[in-house]
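The data block below is query.txt; it holds compact mmCIF, C-alpha atoms (C1' of nucleotides).
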```
# COMPACT_ATOMS: atom_id res chain seq x y z
CA MET A 15 30.32 40.65 27.48
CA SER A 16 29.52 42.65 24.36
CA ASN A 17 26.11 42.48 22.77
CA LYS A 18 27.64 40.68 19.80
CA GLU A 19 28.97 37.92 22.03
CA LYS A 20 25.73 37.75 23.96
CA LEU A 21 23.80 37.36 20.72
CA LYS A 22 25.97 34.46 19.61
CA GLU A 23 25.70 32.74 22.96
CA ILE A 24 21.93 33.07 23.18
CA ALA A 25 21.43 32.15 19.53
CA LEU A 26 23.48 28.98 20.02
CA GLU A 27 21.38 28.01 22.99
CA LEU A 28 18.05 28.70 21.30
CA PHE A 29 18.93 27.16 17.94
CA SER A 30 20.24 24.10 19.74
CA THR A 31 17.25 23.50 21.97
CA ARG A 32 14.42 24.54 19.66
CA GLY A 33 15.82 24.39 16.14
CA TYR A 34 16.89 27.08 13.71
CA ASN A 35 13.56 27.53 11.95
CA ALA A 36 11.53 27.44 15.14
CA VAL A 37 13.44 30.34 16.69
CA GLY A 38 12.52 33.85 15.63
CA VAL A 39 14.89 36.78 15.47
CA GLN A 40 12.61 38.49 17.96
CA ASP A 41 13.06 35.62 20.44
CA ILE A 42 16.81 36.02 20.31
CA VAL A 43 16.99 39.78 20.83
CA ASP A 44 14.36 39.60 23.56
CA SER A 45 16.47 37.04 25.41
CA VAL A 46 19.51 39.28 25.20
CA GLY A 47 17.45 42.32 26.15
CA ILE A 48 18.18 44.38 23.04
CA THR A 49 16.40 45.13 19.75
CA LYS A 50 16.55 43.75 16.25
CA PRO A 51 18.65 46.41 14.50
CA THR A 52 21.55 45.53 16.75
CA LEU A 53 21.44 41.93 15.57
CA TYR A 54 21.21 43.00 11.94
CA TYR A 55 24.03 45.46 12.45
CA TYR A 56 26.41 42.67 13.49
CA PHE A 57 25.28 39.72 11.41
CA GLY A 58 23.40 41.10 8.40
CA ASN A 59 20.65 38.51 8.65
CA LYS A 60 19.55 35.39 10.51
CA HIS A 61 21.59 33.15 8.26
CA GLY A 62 24.74 35.17 8.99
CA LEU A 63 24.14 34.76 12.70
CA LEU A 64 23.93 30.98 12.37
CA THR A 65 27.11 30.95 10.30
CA GLU A 66 29.08 32.79 12.94
CA VAL A 67 27.62 30.67 15.72
CA ILE A 68 28.84 27.50 14.04
CA LYS A 69 32.27 28.66 12.98
CA LYS A 70 34.19 28.96 16.23
CA ASP A 71 33.13 25.72 17.90
CA PHE A 72 33.41 23.60 14.78
CA ASP A 73 36.94 24.85 14.20
CA THR A 74 37.74 23.77 17.75
CA LEU A 75 36.36 20.31 17.05
CA LEU A 76 38.35 19.98 13.85
CA GLY A 77 41.52 21.12 15.61
CA ASP A 78 41.01 18.65 18.45
CA LEU A 79 40.44 15.78 16.03
CA GLN A 80 43.43 16.65 13.87
CA LEU A 81 45.64 16.45 16.93
CA ALA A 82 44.06 13.27 18.23
CA SER A 83 43.99 11.42 14.92
CA ASP A 84 47.58 12.21 14.04
CA TYR A 85 48.98 8.83 13.03
CA LYS A 86 52.32 7.99 14.54
CA GLY A 87 52.52 4.30 13.78
CA ASP A 88 50.01 3.02 16.30
CA PHE A 89 46.69 2.75 14.49
CA VAL A 90 44.67 1.49 17.44
CA LYS A 91 45.99 4.30 19.60
CA SER A 92 45.04 6.92 17.01
CA ILE A 93 41.53 5.53 16.79
CA ARG A 94 41.16 5.48 20.54
CA ASN A 95 42.45 9.05 20.80
CA THR A 96 40.05 10.18 18.10
CA ILE A 97 37.08 8.55 19.77
CA SER A 98 38.07 9.93 23.14
CA SER A 99 38.58 13.40 21.73
CA PHE A 100 35.25 13.35 19.97
CA PHE A 101 33.35 12.32 23.09
CA LYS A 102 35.19 14.84 25.24
CA PHE A 103 34.25 17.60 22.84
CA SER A 104 30.62 16.55 22.63
CA THR A 105 30.40 16.47 26.41
CA LYS A 106 32.16 19.76 26.96
CA HIS A 107 30.35 21.61 24.15
CA SER A 108 27.10 19.73 24.46
CA ILE A 109 24.90 22.64 23.44
CA PHE A 110 26.89 23.25 20.30
CA PHE A 111 27.12 19.55 19.59
CA ARG A 112 23.36 19.20 19.76
CA LEU A 113 23.06 21.93 17.15
CA TYR A 114 25.74 20.34 14.97
CA LEU A 115 23.81 17.07 14.99
CA THR A 116 20.50 18.68 14.10
CA LEU A 117 22.03 20.63 11.25
CA SER A 118 23.95 17.63 9.95
CA TYR A 119 20.80 15.58 9.54
CA SER A 120 18.69 18.43 8.19
CA PRO A 121 17.27 18.21 4.67
CA GLN A 122 19.87 18.94 2.02
CA GLU A 123 17.85 21.79 0.58
CA SER A 124 17.38 23.52 3.90
CA GLU A 125 19.18 26.73 4.75
CA ALA A 126 20.49 25.12 7.93
CA TYR A 127 22.16 22.26 6.08
CA GLN A 128 23.97 24.58 3.70
CA VAL A 129 25.73 26.16 6.66
CA ILE A 130 27.02 22.93 8.18
CA ARG A 131 27.84 21.11 4.94
CA PRO A 132 31.35 22.44 4.28
CA TYR A 133 32.34 21.71 7.87
CA ASN A 134 31.06 18.16 7.66
CA LEU A 135 33.10 17.59 4.54
CA LYS A 136 36.18 18.74 6.41
CA LEU A 137 35.34 16.45 9.29
CA LYS A 138 34.98 13.48 6.98
CA GLU A 139 38.27 14.43 5.32
CA THR A 140 40.03 14.54 8.67
CA ILE A 141 38.82 11.11 9.72
CA THR A 142 39.43 9.61 6.29
CA LYS A 143 43.01 10.83 6.48
CA LEU A 144 43.55 8.71 9.57
CA PHE A 145 42.52 5.54 7.78
CA VAL A 146 44.51 6.44 4.68
CA SER A 147 47.67 6.97 6.66
CA ALA A 148 47.20 3.63 8.39
CA VAL A 149 47.00 1.68 5.12
CA PRO A 150 50.79 1.06 4.73
CA SER A 151 50.88 -0.89 7.98
CA ASN A 152 47.32 -2.25 7.74
CA GLY A 153 46.89 -3.27 4.14
CA ASN A 154 43.43 -4.73 4.63
CA LEU A 155 42.04 -1.21 5.12
CA LYS A 156 42.86 -0.25 1.57
CA GLY A 157 39.80 0.77 -0.41
CA HIS A 158 37.67 1.02 2.72
CA GLU A 159 38.98 4.33 4.02
CA GLU A 160 35.93 6.39 3.18
CA MET A 161 33.48 3.72 4.25
CA LEU A 162 35.20 3.41 7.60
CA SER A 163 35.23 7.17 7.99
CA ASN A 164 31.50 7.18 7.37
CA ALA A 165 30.97 4.37 9.82
CA LEU A 166 33.01 5.99 12.55
CA ILE A 167 31.31 9.35 12.24
CA GLY A 168 27.86 7.80 12.24
CA LEU A 169 28.75 5.74 15.27
CA LEU A 170 30.25 8.65 17.17
CA ASN A 171 27.38 10.98 16.37
CA HIS A 172 24.84 8.52 17.65
CA TYR A 173 26.82 7.61 20.74
CA ALA A 174 27.51 11.26 21.56
CA LEU A 175 23.80 11.93 21.35
CA GLY A 176 23.31 9.20 23.92
CA LEU A 177 25.93 10.81 26.13
CA ILE A 178 24.28 14.22 25.92
CA ASN A 179 20.88 12.73 26.69
CA LYS A 180 22.44 10.97 29.69
CA GLU A 181 21.39 7.59 28.34
CA LEU A 182 25.04 6.61 28.33
CA GLU A 183 27.83 7.41 30.75
CA PHE A 184 31.13 8.89 29.68
CA ASN A 185 34.23 7.27 31.20
CA GLU A 186 37.39 5.47 30.22
CA HIS A 187 35.66 2.12 30.10
CA PHE A 188 33.09 3.43 27.66
CA ILE A 189 35.78 4.72 25.33
CA TYR A 190 37.58 1.39 25.56
CA GLN A 191 34.45 -0.51 24.64
CA VAL A 192 33.56 1.65 21.67
CA SER A 193 37.10 1.41 20.33
CA GLN A 194 37.22 -2.31 20.98
CA HIS A 195 33.98 -2.90 19.13
CA PHE A 196 34.96 -0.73 16.19
CA MET A 197 38.35 -2.41 15.84
CA HIS A 198 37.63 -6.03 16.71
CA GLY A 199 33.88 -6.53 16.45
CA VAL A 200 31.21 -7.71 18.83
CA TYR A 201 33.01 -10.88 19.86
CA ALA A 202 35.84 -8.87 21.41
CA LEU A 203 33.61 -7.10 23.91
CA MET B 13 -6.33 9.27 -5.41
CA SER B 14 -8.38 11.01 -2.73
CA ASN B 15 -7.44 14.45 -1.48
CA LYS B 16 -6.52 12.93 1.88
CA GLU B 17 -4.03 10.59 0.24
CA LYS B 18 -2.70 13.36 -1.96
CA LEU B 19 -2.16 15.56 1.07
CA LYS B 20 -0.17 12.86 2.86
CA GLU B 21 1.92 12.18 -0.19
CA ILE B 22 2.74 15.81 -0.86
CA ALA B 23 3.33 16.59 2.81
CA LEU B 24 5.78 13.71 3.06
CA GLU B 25 7.68 15.00 0.06
CA LEU B 26 7.80 18.61 1.25
CA PHE B 27 8.60 17.84 4.89
CA SER B 28 11.33 15.48 3.75
CA THR B 29 13.04 17.82 1.33
CA ARG B 30 12.61 21.15 3.12
CA GLY B 31 11.93 20.31 6.76
CA TYR B 32 8.75 20.37 8.82
CA ASN B 33 9.09 23.92 10.13
CA ALA B 34 10.16 25.35 6.80
CA VAL B 35 7.04 24.09 5.03
CA GLY B 36 3.83 26.06 5.43
CA VAL B 37 0.35 24.63 5.37
CA GLN B 38 -0.30 26.90 2.43
CA ASP B 39 2.59 25.35 0.48
CA ILE B 40 1.09 21.90 0.95
CA VAL B 41 -2.46 22.68 -0.13
CA ASP B 42 -1.20 24.73 -3.08
CA SER B 43 0.85 21.77 -4.27
CA VAL B 44 -2.20 19.52 -4.10
CA GLY B 45 -4.36 22.17 -5.71
CA ILE B 46 -6.91 22.48 -2.91
CA THR B 47 -7.51 24.85 0.02
CA LYS B 48 -6.68 24.84 3.69
CA PRO B 49 -10.02 23.82 5.21
CA THR B 50 -9.73 20.48 3.45
CA LEU B 51 -6.43 19.81 5.15
CA TYR B 52 -7.82 20.83 8.52
CA TYR B 53 -10.91 18.73 7.94
CA TYR B 54 -8.83 15.58 7.60
CA PHE B 55 -5.94 16.17 10.01
CA GLY B 56 -7.06 18.79 12.54
CA ASN B 57 -3.78 20.66 12.41
CA LYS B 58 -0.28 20.58 10.95
CA HIS B 59 0.97 18.37 13.75
CA GLY B 60 -1.76 15.83 13.06
CA LEU B 61 -0.75 15.73 9.41
CA LEU B 62 2.85 14.96 10.31
CA THR B 63 1.72 12.24 12.70
CA GLU B 64 -0.29 10.46 10.04
CA VAL B 65 2.47 10.87 7.48
CA ILE B 66 4.92 9.10 9.78
CA LYS B 67 2.68 6.34 11.02
CA LYS B 68 2.23 4.11 8.00
CA ASP B 69 5.80 3.96 6.76
CA PHE B 70 7.35 3.59 10.18
CA ASP B 71 5.09 0.67 10.96
CA THR B 72 6.28 -0.92 7.74
CA LEU B 73 9.89 -0.44 8.82
CA LEU B 74 9.23 -1.94 12.24
CA GLY B 75 7.44 -4.88 10.69
CA ASP B 76 10.27 -5.53 8.24
CA LEU B 77 12.85 -5.41 11.00
CA GLN B 78 10.90 -7.66 13.32
CA LEU B 79 10.80 -10.29 10.60
CA ALA B 80 14.45 -9.87 9.66
CA SER B 81 15.83 -9.79 13.19
CA ASP B 82 13.93 -12.84 14.36
CA TYR B 83 16.60 -14.92 16.04
CA LYS B 84 16.58 -18.57 15.07
CA GLY B 85 19.96 -19.65 16.41
CA ASP B 86 22.19 -18.00 13.85
CA PHE B 87 23.22 -14.65 15.29
CA VAL B 88 25.34 -13.53 12.35
CA LYS B 89 22.56 -14.36 9.95
CA SER B 90 20.03 -12.34 11.97
CA ILE B 91 22.36 -9.35 12.00
CA ARG B 92 22.95 -9.59 8.30
CA ASN B 93 19.21 -9.89 7.62
CA THR B 94 18.53 -6.88 9.82
CA ILE B 95 21.15 -4.76 8.09
CA SER B 96 19.95 -5.85 4.68
CA SER B 97 16.34 -5.16 5.56
CA PHE B 98 17.15 -1.73 6.92
CA PHE B 99 19.05 -0.71 3.81
CA LYS B 100 16.39 -2.10 1.53
CA PHE B 101 13.76 -0.09 3.33
CA SER B 102 15.80 3.11 3.27
CA THR B 103 16.39 2.71 -0.45
CA LYS B 104 12.81 1.85 -1.29
CA HIS B 105 11.26 4.51 0.95
CA SER B 106 14.03 7.05 0.59
CA ILE B 107 11.79 10.10 0.87
CA PHE B 108 10.26 8.85 4.08
CA PHE B 109 13.61 7.71 5.40
CA ARG B 110 15.06 11.18 4.85
CA LEU B 111 12.24 12.61 6.95
CA TYR B 112 12.72 9.98 9.65
CA LEU B 113 16.40 10.91 9.92
CA THR B 114 15.73 14.63 10.16
CA LEU B 115 13.08 14.14 12.82
CA SER B 116 15.22 11.70 14.78
CA TYR B 117 18.03 14.20 15.14
CA SER B 118 15.79 17.21 15.78
CA PRO B 119 16.00 19.03 19.11
CA GLN B 120 14.26 17.16 21.88
CA GLU B 121 11.97 20.08 22.65
CA SER B 122 10.82 20.47 19.07
CA GLU B 123 7.37 19.47 17.94
CA ALA B 124 8.89 17.33 15.22
CA TYR B 125 10.90 15.25 17.66
CA GLN B 126 7.90 14.52 19.85
CA VAL B 127 6.23 12.83 16.90
CA ILE B 128 9.09 10.48 16.05
CA ARG B 129 10.21 9.71 19.61
CA PRO B 130 7.84 6.85 20.44
CA TYR B 131 8.64 5.17 17.15
CA ASN B 132 12.37 5.44 17.75
CA LEU B 133 11.96 3.84 21.14
CA LYS B 134 10.17 0.93 19.48
CA LEU B 135 12.93 0.68 16.90
CA LYS B 136 15.57 0.55 19.61
CA GLU B 137 13.52 -2.04 21.46
CA THR B 138 13.29 -4.21 18.37
CA ILE B 139 17.02 -4.15 17.75
CA THR B 140 17.87 -4.60 21.42
CA LYS B 141 15.67 -7.71 21.46
CA LEU B 142 17.89 -9.28 18.82
CA PHE B 143 20.99 -8.88 20.96
CA VAL B 144 19.20 -10.04 24.08
CA SER B 145 18.01 -13.22 22.42
CA ALA B 146 21.53 -13.94 21.20
CA VAL B 147 23.04 -13.79 24.69
CA PRO B 148 22.47 -17.46 25.61
CA SER B 149 24.67 -18.60 22.74
CA ASN B 150 26.98 -15.55 22.77
CA GLY B 151 27.66 -14.87 26.42
CA ASN B 152 30.11 -12.06 25.74
CA LEU B 153 27.24 -9.85 24.56
CA LYS B 154 25.67 -9.81 27.99
CA GLY B 155 25.36 -6.33 29.42
CA HIS B 156 26.11 -4.72 26.05
CA GLU B 157 22.74 -5.27 24.41
CA GLU B 158 21.60 -1.68 24.55
CA MET B 159 24.97 -0.25 23.64
CA LEU B 160 25.14 -2.49 20.59
CA SER B 161 21.61 -1.55 19.63
CA ASN B 162 22.62 2.09 19.82
CA ALA B 163 25.73 1.46 17.79
CA LEU B 164 23.93 -0.48 15.10
CA ILE B 165 21.19 2.11 14.68
CA GLY B 166 23.68 4.97 14.52
CA LEU B 167 25.73 3.09 11.99
CA LEU B 168 22.76 2.15 9.83
CA ASN B 169 21.29 5.64 9.92
CA HIS B 170 24.52 7.19 8.75
CA TYR B 171 25.16 4.56 6.08
CA ALA B 172 21.60 4.79 4.80
CA LEU B 173 22.02 8.53 4.48
CA GLY B 174 25.07 7.85 2.33
CA LEU B 175 23.02 5.46 0.21
CA ILE B 176 20.25 8.00 -0.32
CA ASN B 177 22.76 10.70 -1.22
CA LYS B 178 24.31 8.26 -3.71
CA GLU B 179 27.68 8.53 -1.98
CA LEU B 180 27.53 4.80 -1.40
CA GLU B 181 26.25 2.00 -3.56
CA PHE B 182 23.74 -0.58 -2.39
CA ASN B 183 24.54 -4.18 -3.25
CA GLU B 184 25.21 -7.53 -1.65
CA HIS B 185 28.87 -6.78 -1.19
CA PHE B 186 28.10 -3.60 0.70
CA ILE B 187 25.80 -5.44 3.09
CA TYR B 188 28.45 -8.09 3.58
CA GLN B 189 31.07 -5.50 4.44
CA VAL B 190 28.94 -3.60 6.91
CA SER B 191 27.98 -6.84 8.67
CA GLN B 192 31.53 -8.06 8.63
CA HIS B 193 32.82 -4.86 10.16
CA PHE B 194 30.14 -4.74 12.80
CA MET B 195 30.69 -8.35 13.81
CA HIS B 196 34.43 -8.83 13.44
CA GLY B 197 35.99 -5.37 13.33
CA VAL B 198 38.17 -3.52 10.87
CA TYR B 199 40.77 -6.26 10.54
CA ALA B 200 38.23 -8.64 9.06
CA LEU B 201 37.48 -6.43 6.07
C1' DG C 20 35.00 72.18 19.37
C1' DA C 21 33.36 70.16 15.07
C1' DT C 22 32.73 65.94 12.73
C1' DT C 23 32.62 61.36 11.80
C1' DT C 24 31.92 56.53 13.22
C1' DC C 25 29.78 53.08 15.97
C1' DG C 26 25.99 51.11 18.21
C1' DT C 27 21.21 50.97 19.43
C1' DG C 28 16.14 52.09 20.12
C1' DT C 29 11.44 53.46 18.04
C1' DA C 30 8.41 52.44 14.89
C1' DC C 31 7.22 50.45 10.99
C1' DC C 32 7.22 47.58 6.41
C1' DG C 33 4.96 43.75 3.54
C1' DT C 34 4.47 38.86 3.89
C1' DT C 35 3.48 34.62 5.74
C1' DC C 36 2.20 31.96 9.58
C1' DG C 37 -1.37 28.38 11.60
C1' DG C 38 -6.05 28.25 11.96
C1' DT C 39 -11.35 29.12 11.38
C1' DA C 40 -16.46 30.80 10.61
C1' DT C 41 -19.55 30.10 7.18
C1' DA C 42 -21.75 28.66 3.27
C1' DG C 43 -22.09 25.84 -0.35
C1' DT C 44 -22.23 21.41 -3.24
C1' DA C 45 -22.21 16.81 -4.14
C1' DT C 46 -23.41 12.16 -2.71
C1' DA C 47 -25.64 8.81 -0.03
C1' DT C 48 -29.52 7.51 3.01
C1' DT C 49 -34.26 7.37 4.25
C1' DA D 14 -38.55 14.08 -2.55
C1' DA D 15 -36.52 15.23 1.84
C1' DT D 16 -32.81 14.88 4.73
C1' DA D 17 -28.40 13.89 6.46
C1' DT D 18 -23.45 13.32 5.74
C1' DA D 19 -19.03 14.22 3.67
C1' DC D 20 -16.26 17.29 1.71
C1' DT D 21 -14.39 21.77 -0.05
C1' DA D 22 -14.08 26.90 -1.39
C1' DT D 23 -14.34 31.95 -0.08
C1' DA D 24 -12.83 35.01 2.86
C1' DC D 25 -11.06 36.20 6.81
C1' DC D 26 -8.55 36.29 11.69
C1' DG D 27 -4.72 37.90 14.89
C1' DA D 28 -0.06 36.94 15.51
C1' DA D 29 4.44 36.27 14.13
C1' DC D 30 7.78 36.30 10.53
C1' DG D 31 12.42 38.50 8.63
C1' DG D 32 13.95 42.84 7.73
C1' DT D 33 14.57 48.17 7.55
C1' DA D 34 14.24 53.60 7.54
C1' DC D 35 15.48 56.77 10.59
C1' DA D 36 16.83 59.21 14.50
C1' DC D 37 19.68 59.71 18.34
C1' DG D 38 23.42 59.41 21.76
C1' DA D 39 28.09 58.10 22.93
C1' DA D 40 32.67 57.83 21.74
C1' DA D 41 36.56 58.38 18.95
C1' DT D 42 38.98 61.35 15.43
C1' DC D 43 40.39 65.51 13.51
```
Represent the structure from my file as structure tokens, please.
Amino acid sequence: MSNKEKLKEIALELFSTRGYNAVGVQDIVDSVGITKPTLYYYFGNKHGLLTEVIKKDFDTLLGDLQLASDYKGDFVKSIRNTISSFFKFSTKHSIFFRLYLTLSYSPQESEAYQVIRPYNLKLKETITKLFVSAVPSNGNLKGHEEMLSNALIGLLNHYALGLINKELEFNEHFIYQVSQHFMHGVYAL
Amino acid sequence: MSNKEKLKEIALELFSTRGYNAVGVQDIVDSVGITKPTLYYYFGNKHGLLTEVIKKDFDTLLGDLQLASDYKGDFVKSIRNTISSFFKFSTKHSIFFRLYLTLSYSPQESEAYQVIRPYNLKLKETITKLFVSAVPSNGNLKGHEEMLSNALIGLLNHYALGLINKELEFNEHFIYQVSQHFMHGVYAL
DNA sequence: GATTTCGTGTACCGTTCGGTATAGTATATT
DNA sequence: AATATACTATACCGAACGGTACACGAAATC
């Protein structure tokens, strides 16, 4: 693997486990076994490194969700697919997902938040689209699309954190329950 | 106001808007208009300052929620009270709430997370208790108490963030909708 | 074979970091 | 009046911060 790839991999790991501000550039290059000018040659500065670290994995997530949430007439199925896809991603890319979460809930003024913000807007857009496209056949959703998108993302983020921390177990039954609750409420459990 | 109180107030504001690691001790004392030894006299170190900043407001939140979630036979009412209380708190103490969110989603190994962790466990406990006490009259909840507690907290956190960012509007109707969705699903909106 | 481009190490920059030794001043206690 | 306690400023510490000037070797281009 090239030094550039190694840098991105190590940076992802360190940012994810210790936090962007708590990790020094020196920590990163030491872990790779190189020196600082190499990092600055590839990424310009620390901020640029974070940007490139985020890009690839978040695009994967967005692609997965666009496929899963594609509405083909069955609203419940689309929701279930979306939830399933989200949890699968968070489990498979747990290190990245941990970083995504931290950045997403960082202070708005922080450097870290500025990097993740445009991606989060796209994520919200993608989920909102699902609810919008379901309105024709589910009229009661009308006007609540964005609220539901918010609710679903908040729910999934928090659940996925539980999965990563091994407080929850990922299986088909779990996905069924989360979907069931979201769609039909607590009494349908 | 005493310098100790001023320090806590300013620290809360700075930690909340810029993040714990991004704020230096020097920034804080400069904002108050004093010098570092005063801060270290009262709080020992930066970590101690954060601890004291969190303590008071989080205890208020826990107290509010314990009152609101007290189950007196009407499960739906308890849920609605809890949701309402949570949103009221997040609106009233928005600066603190912003900090709570950031800390809650910080990396597990980070200093910041260690401070908020015990409080979050208490929060989860409080909410779980509500579902547990509702089991006798709502048998279908049995076995899902912790999952529902997780879901509700994740939902409320994300919604409250929307409220603080003025993307959502706080009123009785909003509380009604969130409760309604949580209890009866999307079709009941 | 000469020259340019790419990639990387050595050594260093000024600044800021969290934290402290020490001395002083006010206020309260005796 | 003497003494103790609470609080705060000056001045400093070593370490770590993000970032860079520069030189050098390897590899590709001419």
List as a ChimeraX atom specification the protein and nucleic acid residues near DA41 of chain D, meaning an atom at most 12 Å away when all atoms listed in the file are counted, but skip any in the same chain fewer than 5 places from it. /C:22-25
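Residue nearest chain C within the list B:Val37, B:Leu173, B:Met13, B:Leu26: B:Val37 [criterion: smallest interatomic distance, all atoms listed in the file].
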Report as number ranges by chain the set of chain C residues whose atoms approach chain B to within 12 Å, with distances computed over only C-alpha atoms (C1' of nucleotides). C: 35-41
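Put simply, atom CA of Ala23 of chain B is 26.4 Å away from atom CA of Arg112 of chain A.
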What's the separation between atom CA of Val37 of chain A and atom CA of Leu21 of chain A, in Å to one decimal place? 13.1 Å
Go through B:Asn15, B:Thr63, B:Ser96, B:Thr114 and flag the residue nearest chain A, using only C-alpha atoms for the distances. B:Thr114
Mind running chain A against chain B at 9 Å and telling me each contacting residue's nearest atom pair with the distance in Å (one decimal), counting all atoms listed in the file, chain and number ascending, as a tab-separated table?
```
residue	atom	partner	partner_atom	distance
A:Phe29	CA	B:Pro119	CA	8.7
A:Ser30	CA	B:Pro119	CA	6.6
A:Thr31	CA	B:Pro119	CA	5.5
A:Arg32	CA	B:Ser122	CA	5.5
A:Gly33	CA	B:Pro119	CA	6.1
A:Asn35	CA	B:Asn33	CA	6.0
A:Ala36	CA	B:Asn33	CA	6.6
A:Arg112	CA	B:Pro119	CA	7.4
A:Leu113	CA	B:Pro119	CA	7.9
A:Leu115	CA	B:Tyr117	CA	6.5
A:Thr116	CA	B:Ser118	CA	5.2
A:Leu117	CA	B:Ser118	CA	8.4
A:Ser118	CA	B:Tyr117	CA	8.6
A:Tyr119	CA	B:Thr114	CA	5.2
A:Ser120	CA	B:Thr114	CA	5.2
A:Pro121	CA	B:Thr29	CA	5.4
A:Gln122	CA	B:Thr29	CA	7.0
A:Glu123	CA	B:Arg30	CA	5.9
A:Ser124	CA	B:Arg30	CA	5.4
A:Glu125	CA	B:Arg30	CA	8.8
A:Asn152	CA	B:Tyr199	CA	8.2
A:Asn154	CA	B:Leu201	CA	6.4
A:Leu155	CA	B:Leu201	CA	7.0
A:His158	CA	B:Leu201	CA	8.2
A:Met161	CA	B:Leu180	CA	8.3
A:Leu162	CA	B:Val198	CA	8.2
A:Asn164	CA	B:Tyr171	CA	7.0
A:Ala165	CA	B:Leu167	CA	5.8
A:Leu166	CA	B:Leu167	CA	7.9
A:Ile167	CA	B:His170	CA	7.9
A:Gly168	CA	B:His170	CA	4.9
A:Leu169	CA	B:Gly166	CA	5.2
A:Leu170	CA	B:Gly166	CA	8.0
A:Asn171	CA	B:Gly166	CA	7.3
A:His172	CA	B:Gly166	CA	4.9
A:Tyr173	CA	B:Ala163	CA	6.9
A:Leu175	CA	B:Tyr117	CA	8.8
A:Gly176	CA	B:Asn162	CA	8.2
A:Leu182	CA	B:Met159	CA	8.3
A:Val192	CA	B:Ala163	CA	8.7
A:Gln194	CA	B:Gly197	CA	8.3
A:His195	CA	B:Gly197	CA	6.6
A:Phe196	CA	B:Gly197	CA	5.5
A:Met197	CA	B:Gly197	CA	4.5
A:His198	CA	B:Gly197	CA	3.8
A:Gly199	CA	B:His196	CA	3.8
A:Val200	CA	B:Met195	CA	5.1
A:Tyr201	CA	B:Asn152	CA	6.7
A:Ala202	CA	B:Asn152	CA	7.9
A:Leu203	CA	B:Asn152	CA	6.3
```
For chain B, which residues have at least one atom within 9 Å of chain D, if we go by all atoms listed in the file? Write them as an MDAnalysis selection string, please. chainID B and resid 46:47 49:50 53
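Once Lys143 of chain A and its same-chain neighbours fewer than 6 positions away are set aside, Gln80, Ser83, Asp84, Tyr85, Leu137, Glu159, Glu160 and Ser163 of chain A remain within 10 Å of it when counting all atoms listed in the file.
In this structure, atom CA of Leu64 of chain A sits 9.6 Å away from atom CA of Ile130 of chain A.
Take the candidates C:DG26, C:DG33, C:DG20, C:DG43 and check each one against Lys18 of chain A using only C-alpha atoms (C1' of nucleotides); the shortest distance goes to C:DG26.
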